[in-house]
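Chemist: Following this line is run.cif, made up of mmCIF, C-alpha atoms:
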data_query
#
loop_
_atom_site.label_atom_id
_atom_site.label_comp_id
_atom_site.auth_asym_id
_atom_site.auth_seq_id
_atom_site.Cartn_x
_atom_site.Cartn_y
_atom_site.Cartn_z
CA MET U 1 48.43 156.88 77.76
CA SER U 2 46.37 153.77 78.18
CA LEU U 3 42.98 152.92 79.58
CA GLN U 4 42.52 151.75 83.12
CA VAL U 5 40.12 148.82 82.81
CA GLU U 6 38.12 147.00 85.45
CA LEU U 7 35.84 144.08 84.75
CA VAL U 8 33.78 143.51 87.86
CA SER U 9 31.24 140.85 88.77
CA PRO U 10 29.30 140.86 92.05
CA GLU U 11 31.47 138.13 93.50
CA ARG U 12 34.91 139.41 92.46
CA ILE U 13 37.02 141.54 90.19
CA LEU U 14 37.64 139.48 87.06
CA TYR U 15 40.20 141.74 85.49
CA SER U 16 41.93 144.91 86.47
CA GLY U 17 44.70 146.41 84.41
CA GLU U 18 45.75 148.62 81.54
CA ALA U 19 44.49 148.31 78.01
CA GLU U 20 44.71 149.97 74.61
CA MET U 21 41.13 149.37 73.66
CA VAL U 22 37.94 147.85 75.01
CA ILE U 23 35.15 146.54 72.80
CA ALA U 24 31.72 145.86 74.23
CA ARG U 25 28.22 145.28 72.95
CA THR U 26 25.58 147.62 74.29
CA THR U 27 21.91 147.07 73.71
CA ASP U 28 22.24 149.37 70.67
CA GLY U 29 25.26 147.69 69.12
CA GLU U 30 29.00 147.28 69.37
CA ILE U 31 31.11 150.06 70.71
CA ALA U 32 34.84 150.44 71.22
CA PHE U 33 36.61 152.66 73.70
CA MET U 34 40.07 154.11 73.45
CA THR U 35 41.72 156.84 75.44
CA GLY U 36 40.06 160.18 75.16
CA HIS U 37 36.59 158.74 74.69
CA ALA U 38 33.80 160.99 75.89
CA PRO U 39 32.25 160.07 79.25
CA PHE U 40 29.83 157.28 78.57
CA ILE U 41 27.32 155.12 80.38
CA GLY U 42 25.80 152.19 78.55
CA SER U 43 23.72 149.14 79.21
CA LEU U 44 25.23 145.91 77.87
CA GLY U 45 23.46 143.15 76.04
CA VAL U 46 24.48 139.53 75.87
CA GLY U 47 27.82 139.57 74.13
CA ALA U 48 31.56 139.43 74.34
CA VAL U 49 33.74 142.07 75.89
CA THR U 50 37.20 142.22 74.34
CA ILE U 51 40.07 143.92 76.08
CA HIS U 52 43.23 144.66 74.07
CA THR U 53 45.78 144.90 76.83
CA THR U 54 48.88 147.05 76.61
CA GLU U 55 50.98 143.87 76.40
CA GLY U 56 49.26 143.11 73.13
CA ASP U 57 47.11 140.27 74.44
CA ASP U 58 43.45 139.90 73.69
CA LEU U 59 41.32 139.17 76.67
CA ARG U 60 37.80 138.06 76.02
CA ALA U 61 34.94 137.62 78.43
CA ALA U 62 31.35 136.49 78.05
CA VAL U 63 29.09 139.13 79.53
CA HIS U 64 25.38 138.53 80.01
CA GLN U 65 23.99 141.99 80.48
CA GLY U 66 25.49 144.62 82.67
CA PHE U 67 26.78 148.15 82.42
CA VAL U 68 29.78 149.99 81.19
CA GLU U 69 30.95 153.35 82.41
CA VAL U 70 33.71 155.41 80.88
CA THR U 71 35.09 158.44 82.68
CA GLY U 72 38.36 160.00 81.58
CA ASP U 73 40.70 157.08 81.03
CA LYS U 74 38.86 154.65 83.22
CA VAL U 75 36.59 151.95 81.83
CA THR U 76 34.46 149.97 84.23
CA VAL U 77 32.43 146.99 83.10
CA LEU U 78 29.87 145.78 85.62
CA SER U 79 28.05 142.56 85.03
CA ASP U 80 26.16 140.19 87.28
CA ILE U 81 27.09 137.27 85.04
CA ALA U 82 30.51 137.55 83.46
CA GLU U 83 33.12 134.92 82.70
CA LEU U 84 36.60 135.17 81.31
CA VAL U 85 37.06 132.89 78.33
CA ALA U 86 39.86 131.09 80.15
CA ASP U 87 37.36 130.14 82.88
CA ILE U 88 34.78 128.68 80.53
CA ASP U 89 34.64 124.91 80.38
CA ALA U 90 33.94 124.11 76.73
CA GLY U 91 32.34 120.73 77.45
CA ARG U 92 30.05 122.15 80.07
CA ALA U 93 29.11 125.06 77.87
CA GLN U 94 28.20 122.64 75.08
CA ARG U 95 26.02 120.58 77.38
CA ALA U 96 24.36 123.74 78.72
CA LEU U 97 23.59 124.75 75.15
CA GLU U 98 21.92 121.42 74.43
CA ARG U 99 19.92 121.71 77.62
CA ALA U 100 18.87 125.25 76.76
CA GLU U 101 17.70 124.11 73.32
CA GLN U 102 15.55 121.37 74.80
CA GLU U 103 14.24 123.79 77.38
CA ARG U 104 13.08 126.20 74.69
CA GLY U 105 11.45 123.41 72.78
CA ARG U 106 9.48 122.53 75.87
CA ALA U 107 8.55 126.10 76.81
CA GLY U 108 5.83 126.06 74.14
CA ASP U 109 3.00 128.51 74.68
CA ASP U 110 4.03 129.98 78.00
CA GLU U 111 5.39 133.37 77.02
CA GLU U 112 7.38 134.00 80.13
CA ALA U 113 9.03 130.58 80.05
CA GLU U 114 9.78 131.07 76.40
CA SER U 115 11.55 134.40 76.84
CA GLU U 116 13.48 132.98 79.76
CA ALA U 117 14.51 129.95 77.72
CA GLU U 118 15.40 132.24 74.86
CA ALA U 119 17.72 134.27 77.10
CA ALA U 120 19.33 131.12 78.47
CA LEU U 121 19.88 129.91 74.95
CA ARG U 122 21.55 133.15 73.90
CA ARG U 123 23.85 132.97 76.91
CA ALA U 124 24.73 129.36 76.19
CA ARG U 125 25.44 130.12 72.52
CA LEU U 126 27.73 132.98 73.40
CA ARG U 127 29.63 130.84 75.85
CA VAL U 128 30.14 128.04 73.35
CA GLU U 129 31.14 130.48 70.67
CA LEU U 130 33.79 132.08 72.86
CA ALA U 131 35.08 128.81 74.22
CA GLU U 132 35.63 127.52 70.69
CA ALA U 133 37.27 130.65 69.31
CA MET N 1 31.03 100.55 147.03
CA ALA N 2 33.26 103.58 146.54
CA GLY N 3 34.27 102.20 143.15
CA GLY N 4 30.80 103.11 141.83
CA GLN N 5 31.44 106.79 142.36
CA GLU N 6 34.74 106.52 140.52
CA ARG N 7 33.21 104.73 137.55
CA VAL N 8 30.48 107.34 137.16
CA LEU N 9 33.03 110.13 137.18
CA ARG N 10 35.26 108.37 134.69
CA ARG N 11 32.36 107.95 132.30
CA ARG N 12 31.44 111.62 132.55
CA ILE N 13 35.01 112.69 131.91
CA ARG N 14 35.17 110.54 128.83
CA SER N 15 31.98 112.00 127.45
CA ILE N 16 33.15 115.55 128.12
CA GLN N 17 36.42 114.79 126.38
CA SER N 18 34.72 113.65 123.23
CA THR N 19 32.36 116.64 123.27
CA LYS N 20 35.38 118.87 123.63
CA LYS N 21 36.94 117.29 120.58
CA ILE N 22 33.84 118.08 118.56
CA THR N 23 33.52 121.67 119.75
CA ARG N 24 37.19 122.29 119.15
CA ALA N 25 36.91 120.96 115.61
CA MET N 26 33.87 123.17 115.00
CA GLU N 27 35.73 126.14 116.38
CA LEU N 28 38.61 125.60 114.00
CA ILE N 29 36.29 125.11 111.04
CA ALA N 30 34.38 128.27 111.90
CA ALA N 31 37.64 130.19 112.22
CA THR N 32 38.72 129.35 108.69
CA ARG N 33 35.25 130.09 107.37
CA VAL N 34 35.20 133.54 108.95
CA VAL N 35 38.30 134.39 106.98
CA LYS N 36 36.78 133.05 103.77
CA ALA N 37 33.49 134.83 104.31
CA GLN N 38 35.30 138.06 105.02
CA GLN N 39 37.27 137.63 101.83
CA ARG N 40 34.06 137.13 99.88
CA ALA N 41 32.57 140.26 101.39
CA MET N 42 35.70 142.17 100.41
CA ASN N 43 35.58 140.84 96.87
CA ALA N 44 31.98 141.90 96.49
CA ARG N 45 32.66 145.45 97.53
CA PRO N 46 34.05 146.88 94.24
CA TYR N 47 30.89 145.92 92.34
CA ALA N 48 28.60 147.54 94.91
CA GLU N 49 30.73 150.67 95.00
CA GLN N 50 30.92 151.01 91.24
CA ILE N 51 27.24 150.48 90.75
CA THR N 52 26.50 153.13 93.37
CA GLU N 53 28.76 155.50 91.52
CA VAL N 54 27.04 154.93 88.19
CA ILE N 55 23.67 155.51 89.81
CA GLN N 56 24.86 158.76 91.27
CA HIS N 57 26.12 159.94 87.92
CA LEU N 58 22.84 159.03 86.30
CA SER N 59 20.73 160.74 88.91
CA GLN N 60 22.86 163.86 88.67
CA ALA N 61 21.95 163.87 85.02
CA GLY N 62 18.34 163.83 86.12
CA ALA N 63 17.43 160.28 85.13
CA GLY N 64 14.56 158.34 86.56
CA ARG N 65 13.43 160.36 89.52
CA GLU N 66 10.07 158.70 89.10
CA HIS N 67 11.26 155.13 89.28
CA PRO N 68 8.92 152.85 91.28
CA LEU N 69 11.80 151.68 93.48
CA LEU N 70 12.22 155.27 94.68
CA ARG N 71 8.53 155.73 95.41
CA ARG N 72 7.96 157.06 98.87
CA ALA N 73 4.54 156.21 100.25
CA GLU N 74 2.66 158.91 102.12
CA SER N 75 1.55 156.54 104.84
CA LEU N 76 3.05 153.22 105.84
CA ASP N 77 0.28 150.69 105.49
CA LYS N 78 2.47 147.65 105.18
CA VAL N 79 6.09 147.10 106.04
CA ALA N 80 8.09 144.12 104.83
CA PHE N 81 10.87 142.70 106.94
CA VAL N 82 13.73 140.78 105.45
CA VAL N 83 15.35 138.79 108.24
CA ILE N 84 18.70 137.13 107.62
CA THR N 85 19.54 134.25 109.95
CA SER N 86 21.44 130.99 109.62
CA ASP N 87 20.32 127.46 108.82
CA ARG N 88 22.29 125.87 111.62
CA GLY N 89 22.40 126.62 115.30
CA LEU N 90 25.34 126.32 117.68
CA ALA N 91 26.23 129.91 117.01
CA GLY N 92 25.53 131.41 120.41
CA ALA N 93 23.13 134.32 120.41
CA TYR N 94 23.55 135.01 116.68
CA ASN N 95 20.08 133.97 115.56
CA THR N 96 18.19 134.97 118.67
CA SER N 97 19.46 138.52 118.58
CA VAL N 98 18.53 138.99 114.93
CA ILE N 99 15.11 137.46 115.47
CA ARG N 100 14.48 139.49 118.59
CA ALA N 101 15.42 142.73 116.85
CA ALA N 102 13.13 141.85 113.95
CA GLU N 103 10.22 140.99 116.21
CA ARG N 104 10.62 144.16 118.23
CA ASP N 105 10.65 146.29 115.11
CA LEU N 106 7.72 144.39 113.70
CA MET N 107 5.68 145.03 116.83
CA GLY N 108 6.66 148.68 116.67
CA ALA N 109 5.35 148.86 113.12
CA GLN N 110 2.14 147.12 114.14
CA HIS N 111 1.74 149.57 116.98
CA ASP N 112 1.93 152.37 114.44
CA GLY N 113 -0.90 150.74 112.58
CA ALA N 114 1.04 149.10 109.77
CA GLU N 115 0.64 145.57 108.59
CA TYR N 116 3.68 143.37 108.27
CA SER N 117 5.08 141.02 105.69
CA LEU N 118 7.90 138.60 106.39
CA VAL N 119 10.63 137.48 104.02
CA LEU N 120 12.90 135.10 105.86
CA ILE N 121 16.34 133.80 105.05
CA GLY N 122 17.61 130.84 107.05
CA LYS N 123 15.88 127.94 108.75
CA LYS N 124 16.15 129.50 112.19
CA ALA N 125 14.00 132.51 111.38
CA ALA N 126 11.54 130.33 109.49
CA SER N 127 10.98 127.96 112.39
CA TYR N 128 10.77 130.75 114.96
CA PHE N 129 8.15 132.76 113.13
CA ALA N 130 6.24 129.72 111.93
CA PHE N 131 6.02 128.42 115.50
CA ARG N 132 4.55 131.71 116.67
CA ASN N 133 1.98 131.73 113.89
CA TYR N 134 3.28 134.74 112.05
CA ARG N 135 2.26 135.01 108.46
CA ILE N 136 5.32 134.29 106.36
CA ASP N 137 5.32 135.54 102.79
CA ALA N 138 8.52 133.97 101.60
CA SER N 139 11.17 131.82 103.18
CA PHE N 140 14.57 130.91 101.77
CA THR N 141 16.92 128.29 103.12
CA ASP N 142 20.27 126.80 102.14
CA MET N 143 21.81 130.09 101.20
CA SER N 144 22.93 131.92 104.31
CA ASP N 145 26.04 129.85 104.90
CA THR N 146 27.84 130.85 101.71
CA PRO N 147 25.55 133.19 99.82
CA HIS N 148 25.90 133.37 96.06
CA TYR N 149 24.80 136.23 93.92
CA ASP N 150 22.04 134.09 92.43
CA ASP N 151 20.59 133.65 95.91
CA ALA N 152 20.53 137.39 96.43
CA ARG N 153 18.83 137.76 93.07
CA ARG N 154 16.09 135.31 93.99
CA VAL N 155 15.34 137.10 97.23
CA ALA N 156 15.57 140.54 95.64
CA GLU N 157 13.08 139.50 92.98
CA VAL N 158 10.44 138.77 95.62
CA ILE N 159 11.07 142.01 97.45
CA ILE N 160 11.16 144.15 94.33
CA GLU N 161 7.95 142.65 93.04
CA ALA N 162 6.10 143.26 96.31
CA PHE N 163 7.37 146.81 96.46
CA VAL N 164 6.78 147.76 92.84
CA ASP N 165 3.26 146.33 92.92
CA GLY N 166 2.56 148.61 95.84
CA ASP N 167 1.85 145.65 98.08
CA VAL N 168 4.32 146.92 100.66
CA ASP N 169 5.30 150.54 101.29
CA GLN N 170 8.63 149.97 102.91
CA VAL N 171 11.15 147.17 103.18
CA ARG N 172 13.40 146.84 106.19
CA LEU N 173 16.41 144.61 106.40
CA VAL N 174 17.37 142.96 109.67
CA TYR N 175 20.78 141.34 109.74
CA THR N 176 24.06 141.21 111.59
CA ARG N 177 26.73 143.59 110.42
CA PHE N 178 30.25 142.33 110.51
CA LEU N 179 32.35 145.08 112.04
CA SER N 180 35.39 142.97 112.90
CA ALA N 181 36.16 139.42 113.93
CA ALA N 182 35.52 140.48 117.51
CA SER N 183 32.41 142.57 117.06
CA GLN N 184 29.22 142.18 115.07
CA ARG N 185 26.09 144.20 115.52
CA VAL N 186 22.45 143.55 114.66
CA VAL N 187 21.06 146.35 112.56
CA VAL N 188 17.61 147.21 111.22
CA ARG N 189 17.95 149.15 108.02
CA ARG N 190 15.51 150.73 105.66
CA PHE N 191 16.11 148.95 102.40
CA LEU N 192 13.39 150.22 100.09
CA PRO N 193 12.48 152.78 98.85
CA LEU N 194 16.00 153.45 97.72
CA GLU N 195 17.60 156.72 98.52
CA VAL N 196 19.73 158.19 95.83
CA THR N 197 21.95 160.97 97.05
CA GLU N 198 23.11 163.61 94.67
CA GLU N 199 26.49 164.76 95.81
CA GLY N 200 29.10 166.70 93.92
CA GLN N 201 26.64 168.53 91.71
CA GLY N 202 27.79 169.93 88.42
CA GLU N 203 31.28 168.55 87.90
CA HIS N 204 31.77 166.77 84.63
CA THR N 205 28.38 165.14 84.86
CA ALA N 206 26.38 166.84 82.18
CA ASP N 207 28.46 165.70 79.23
CA TYR N 208 27.91 161.95 79.50
CA GLU N 209 26.83 160.00 76.47
CA TYR N 210 24.19 157.37 77.05
CA GLU N 211 23.25 154.23 75.24
CA PRO N 212 20.30 153.72 75.41
CA SER N 213 18.68 156.69 77.17
CA PRO N 214 19.58 157.57 80.78
CA GLY N 215 16.10 156.61 81.90
CA GLU N 216 16.32 153.15 80.39
CA ILE N 217 19.75 152.51 81.86
CA PHE N 218 18.47 153.67 85.21
CA ASP N 219 15.54 151.26 85.01
CA ARG N 220 17.89 148.36 84.44
CA LEU N 221 20.42 149.51 86.95
CA LEU N 222 18.21 149.97 90.00
CA PRO N 223 17.18 146.32 90.39
CA ARG N 224 20.86 145.33 90.09
CA TYR N 225 21.64 147.86 92.78
CA VAL N 226 19.03 146.35 95.08
CA GLU N 227 20.51 142.90 94.44
CA ALA N 228 24.03 144.09 95.11
CA ARG N 229 23.03 145.68 98.40
CA LEU N 230 21.15 142.62 99.50
CA PHE N 231 24.08 140.45 98.48
CA ALA N 232 26.43 142.59 100.55
CA ALA N 233 24.14 142.25 103.56
CA MET N 234 23.98 138.48 103.12
CA LEU N 235 27.75 138.22 102.93
CA ASP N 236 28.09 140.33 106.05
CA ALA N 237 25.59 138.13 107.83
CA ALA N 238 27.46 134.99 106.75
CA ALA N 239 30.75 136.32 108.09
CA SER N 240 29.00 137.26 111.34
CA GLU N 241 27.45 133.82 111.59
CA HIS N 242 30.79 132.08 111.36
CA ALA N 243 32.37 134.50 113.80
CA ALA N 244 29.53 133.94 116.27
CA ARG N 245 29.87 130.19 115.89
CA GLN N 246 33.59 130.36 116.42
CA ARG N 247 33.08 132.31 119.63
CA ALA N 248 30.34 129.99 120.88
CA MET N 249 32.43 126.92 120.18
CA LYS N 250 35.47 128.42 121.81
CA SER N 251 33.62 129.04 125.04
CA ALA N 252 32.14 125.55 124.85
CA THR N 253 35.63 124.10 124.51
CA ASP N 254 36.89 126.21 127.40
CA ASN N 255 33.99 125.08 129.54
CA ALA N 256 34.66 121.47 128.72
CA GLU N 257 38.25 121.88 129.71
CA GLU N 258 37.33 123.41 133.03
CA LEU N 259 34.80 120.68 133.75
CA GLU N 260 37.34 118.07 132.83
CA THR N 261 39.94 119.26 135.36
CA LYS N 262 37.30 119.66 138.05
CA LEU N 263 35.93 116.19 137.48
CA SER N 264 39.29 114.49 137.23
CA ARG N 265 40.21 116.04 140.57
CA ALA N 266 37.03 114.66 142.06
CA MET N 267 37.72 111.30 140.47
CA ASN N 268 41.27 111.15 141.81
CA ARG N 269 40.00 111.96 145.25
CA ALA N 270 37.36 109.24 144.99
CA ARG N 271 39.97 106.74 143.88
CA GLN N 272 42.32 107.74 146.68
CA ASP N 273 39.45 107.43 149.16
CA SER N 274 38.53 103.99 148.02
CA ILE N 275 42.15 102.81 148.23
CA THR N 276 42.49 104.28 151.71
CA THR N 277 39.30 102.59 152.82
CA GLU N 278 40.46 99.31 151.39
CA ILE N 279 43.80 99.48 153.21
CA MET N 280 42.03 100.41 156.41
CA GLU N 281 39.80 97.39 156.02
CA ILE N 282 42.72 95.05 155.40
CA VAL N 283 44.69 96.48 158.28
CA GLY N 284 41.62 96.33 160.49
CA GLY N 285 40.99 92.74 159.43
CA ALA N 286 44.57 91.71 160.09
CA GLU N 287 44.50 93.42 163.47
CA ALA N 288 41.32 91.57 164.42
CA MET N 289 42.83 88.22 163.33
CA SER N 290 46.02 88.71 165.31
CA GLN N 291 44.09 89.67 168.43
CA SER N 292 41.96 86.57 168.48
#
Is it possible to express this structure as structure tokens?

Modeler:
Amino acid sequence: MSLQVELVSPERILYSGEAEMVIARTTDGEIAFMTGHAPFIGSLGVGAVTIHTTEGDDLRAAVHQGFVEVTGDKVTVLSDIAELVADIDAGRAQRALERAEQERGRAGDDEEAESEAEAALRRARLRVELAEA
Amino acid sequence: MAGGQERVLRRRIRSIQSTKKITRAMELIAATRVVKAQQRAMNARPYAEQITEVIQHLSQAGAGREHPLLRRAESLDKVAFVVITSDRGLAGAYNTSVIRAAERDLMGAQHDGAEYSLVLIGKKAASYFAFRNYRIDASFTDMSDTPHYDDARRVAEVIIEAFVDGDVDQVRLVYTRFLSAASQRVVVRRFLPLEVTEEGQGEHTADYEYEPSPGEIFDRLLPRYVEARLFAAMLDAAASEHAARQRAMKSATDNAEELETKLSRAMNRARQDSITTEIMEIVGGAEAMSQS
């Protein structure tokens, strides 16, 4: 038996297929799902989602917050910003990271701007990290 | 003398022909965009469905019944209207029908003693309501043609903030639902407070594990749900817009064609007339010469 996995963003289904294992990062830490996992609902942080497909491939995606639901042998990852590693443009990600760093430097005292810049920076870092791996 | 008539007609025919070319091109463009917009709406559906499912599971587990987005006001003091129209015209009655439905509903709310608040999407709604001196609280343009999720998020943020702060007691959404390529209908929907239905009580719902707590997940999930629903409405409206434009441009092209045949008939007759007159004159002239 394998897991039925769906990785869904608001604009389209990024991945739909069978997998041996799914690893995600919830706000509390990393968690892996295999068949027979107890029903689970979790809120995702900024992190990578790794899908070990039944063909033995590793599929990685950058997920910037979202949700994961596990029922029976079905894993659904919902995220309003999610990208498959194959879709990430390394050059663009690098430039976005530089921009995000400058942005945070400029945010200064404004708390709201700072936390926003901080989040953008985390997203950019993750993207670069995955694109390089 | 008769040649003047002919020249005028010829000029009109030429201008109608070039207009027809434009409307036909627009019709074809709109036709392909309807298909694309429909595809986008289809692609967005799984996310909205899944998120609804998760919310149902959470609410069955008793999470977040007190969430501000579910708050039902005892009396409606202020109603917000979110009106989705297009940026461009030439789409037949598409914008007018949405705007009219919104205005009617708004007047109904005013009649019941509620204040209104307007959140407008699309240039058409903005210019209509601005011209009539309505108070506009937020206006978004350049997004209704091909809406992206980020656009929906920006709009949702404004709505959620107004609602959570208690500034408005209800949010209604006015947009055009895309039923099929041949039929779209303007609908006025209650958008906020959200209604979470609890169906299928007591299946396997109690034994979920949560990370973090159900309440916290619920708090994060609800705004996403609002965004997803708004996004779906925007995509529907976009598909409807293109379908309406396609229809409008098709009838414009048909009209042009009809006018063209009518006018070229008139022109041919005018030309024939002038030739006949000319021959008559020559014959008459020759007759007169030979008699003298």

Chemist: Starting from chain U, keep only residues with some atom at most 6 Å from an atom of chain N, counting all atoms listed in the file, and report them as a CSV table (one decimal) with C-alpha atoms, keeping the file's coordinate frame.

Modeler:
chain,number,residue,atom,x,y,z
U,8,VAL,CA,33.8,143.5,87.9
U,10,PRO,CA,29.3,140.9,92.0
U,11,GLU,CA,31.5,138.1,93.5
U,12,ARG,CA,34.9,139.4,92.5
U,39,PRO,CA,32.2,160.1,79.2
U,40,PHE,CA,29.8,157.3,78.6
U,41,ILE,CA,27.3,155.1,80.4
U,42,GLY,CA,25.8,152.2,78.6
U,43,SER,CA,23.7,149.1,79.2

Chemist: Give me the residues near N:Ala182 as a ChimeraX atom specification, where near means some atom within 12 Å (using all atoms listed in the file) and where sequence neighbours in that chain fewer than 3 positions away do not count.

Modeler: /N:31,34,177-179,185,239-240,242-247

Chemist: Could you list the residues chosen by the PyMOL selection byres ((chain U and resi 109-122) around 12) in this structure as a compact mmCIF listing (two decimals) with C-alpha atoms, keeping the file's coordinate frame?

Modeler:
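Produced file out_2.txt, reproduced below:
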# COMPACT_ATOMS: atom_id res chain seq x y z
CA GLY U 45 23.46 143.15 76.04
CA VAL U 46 24.48 139.53 75.87
CA GLY U 47 27.82 139.57 74.13
CA ALA U 48 31.56 139.43 74.34
CA ALA U 62 31.35 136.49 78.05
CA VAL U 63 29.09 139.13 79.53
CA HIS U 64 25.38 138.53 80.01
CA GLN U 65 23.99 141.99 80.48
CA ILE U 81 27.09 137.27 85.04
CA ALA U 93 29.11 125.06 77.87
CA GLN U 94 28.20 122.64 75.08
CA ARG U 95 26.02 120.58 77.38
CA ALA U 96 24.36 123.74 78.72
CA LEU U 97 23.59 124.75 75.15
CA GLU U 98 21.92 121.42 74.43
CA ARG U 99 19.92 121.71 77.62
CA ALA U 100 18.87 125.25 76.76
CA GLU U 101 17.70 124.11 73.32
CA GLN U 102 15.55 121.37 74.80
CA GLU U 103 14.24 123.79 77.38
CA ARG U 104 13.08 126.20 74.69
CA GLY U 105 11.45 123.41 72.78
CA ARG U 106 9.48 122.53 75.87
CA ALA U 107 8.55 126.10 76.81
CA GLY U 108 5.83 126.06 74.14
CA ARG U 123 23.85 132.97 76.91
CA ALA U 124 24.73 129.36 76.19
CA ARG U 125 25.44 130.12 72.52
CA LEU U 126 27.73 132.98 73.40
CA ARG U 127 29.63 130.84 75.85
CA VAL U 128 30.14 128.04 73.35
CA GLU U 129 31.14 130.48 70.67

Chemist: I'd like to see the residues matched by the PyMOL selection byres ((chain N and resi 168) around 9) on this file, and ideally I'd get them as an MDAnalysis selection string.

Modeler: chainID N and resid 76:80 115:117 159 162:167 169:171

Chemist: Those residues with C-alpha atoms, as a PDB file, in the coordinates of the input please?

Modeler:
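Listing of part18.pdb after writing:
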ATOM      1  CA  LEU N  76       3.050 153.220 105.840  1.00  0.00           C
ATOM      2  CA  ASP N  77       0.280 150.690 105.490  1.00  0.00           C
ATOM      3  CA  LYS N  78       2.470 147.650 105.180  1.00  0.00           C
ATOM      4  CA  VAL N  79       6.090 147.100 106.040  1.00  0.00           C
ATOM      5  CA  ALA N  80       8.090 144.120 104.830  1.00  0.00           C
ATOM      6  CA  GLU N 115       0.640 145.570 108.590  1.00  0.00           C
ATOM      7  CA  TYR N 116       3.680 143.370 108.270  1.00  0.00           C
ATOM      8  CA  SER N 117       5.080 141.020 105.690  1.00  0.00           C
ATOM      9  CA  ILE N 159      11.070 142.010  97.450  1.00  0.00           C
ATOM     10  CA  ALA N 162       6.100 143.260  96.310  1.00  0.00           C
ATOM     11  CA  PHE N 163       7.370 146.810  96.460  1.00  0.00           C
ATOM     12  CA  VAL N 164       6.780 147.760  92.840  1.00  0.00           C
ATOM     13  CA  ASP N 165       3.260 146.330  92.920  1.00  0.00           C
ATOM     14  CA  GLY N 166       2.560 148.610  95.840  1.00  0.00           C
ATOM     15  CA  ASP N 167       1.850 145.650  98.080  1.00  0.00           C
ATOM     16  CA  ASP N 169       5.300 150.540 101.290  1.00  0.00           C
ATOM     17  CA  GLN N 170       8.630 149.970 102.910  1.00  0.00           C
ATOM     18  CA  VAL N 171      11.150 147.170 103.180  1.00  0.00           C
TER      19      VAL N 171
END

Chemist: For atom CA of N:Ser274 and atom CA of N:Asn255, quote the distance in Å rounded to one decimal.

Modeler: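 According to the coordinates, atom CA of N:Ser274 and atom CA of N:Asn255 are separated by 28.4 Å.
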
Chemist: Which of these, N:Met107, N:Met26, N:Val119, N:Val188, has the shortest distance to N:Val158 once you count only C-alpha atoms?

Modeler: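 Closest to N:Val158 of all the choices is N:Val119.
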
Chemist: Quick one: residues within 8 Å of stretch 131-145 of chain N, only C-alpha atoms counted, chain neighbours fewer than 3 positions away excluded, as a PyMOL selection string?

Modeler: chain N and resi 84-87+117-123+126-128+148+151+155+158+234+237-238+241

Chemist: Leaving out N:Arg189 and any residue of its chain fewer than 4 positions from it, which residues lie within 9 Å of it when counting all atoms listed in the file, given as a ChimeraX atom specification?

Modeler: /N:171-175

Chemist: Measure the distance from atom CA of N:Leu192 to atom CA of N:Gln60 in Å and round it to one decimal.

Modeler: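 Answer for the atom CA of N:Leu192 to atom CA of N:Gln60 separation: 20.2 Å.
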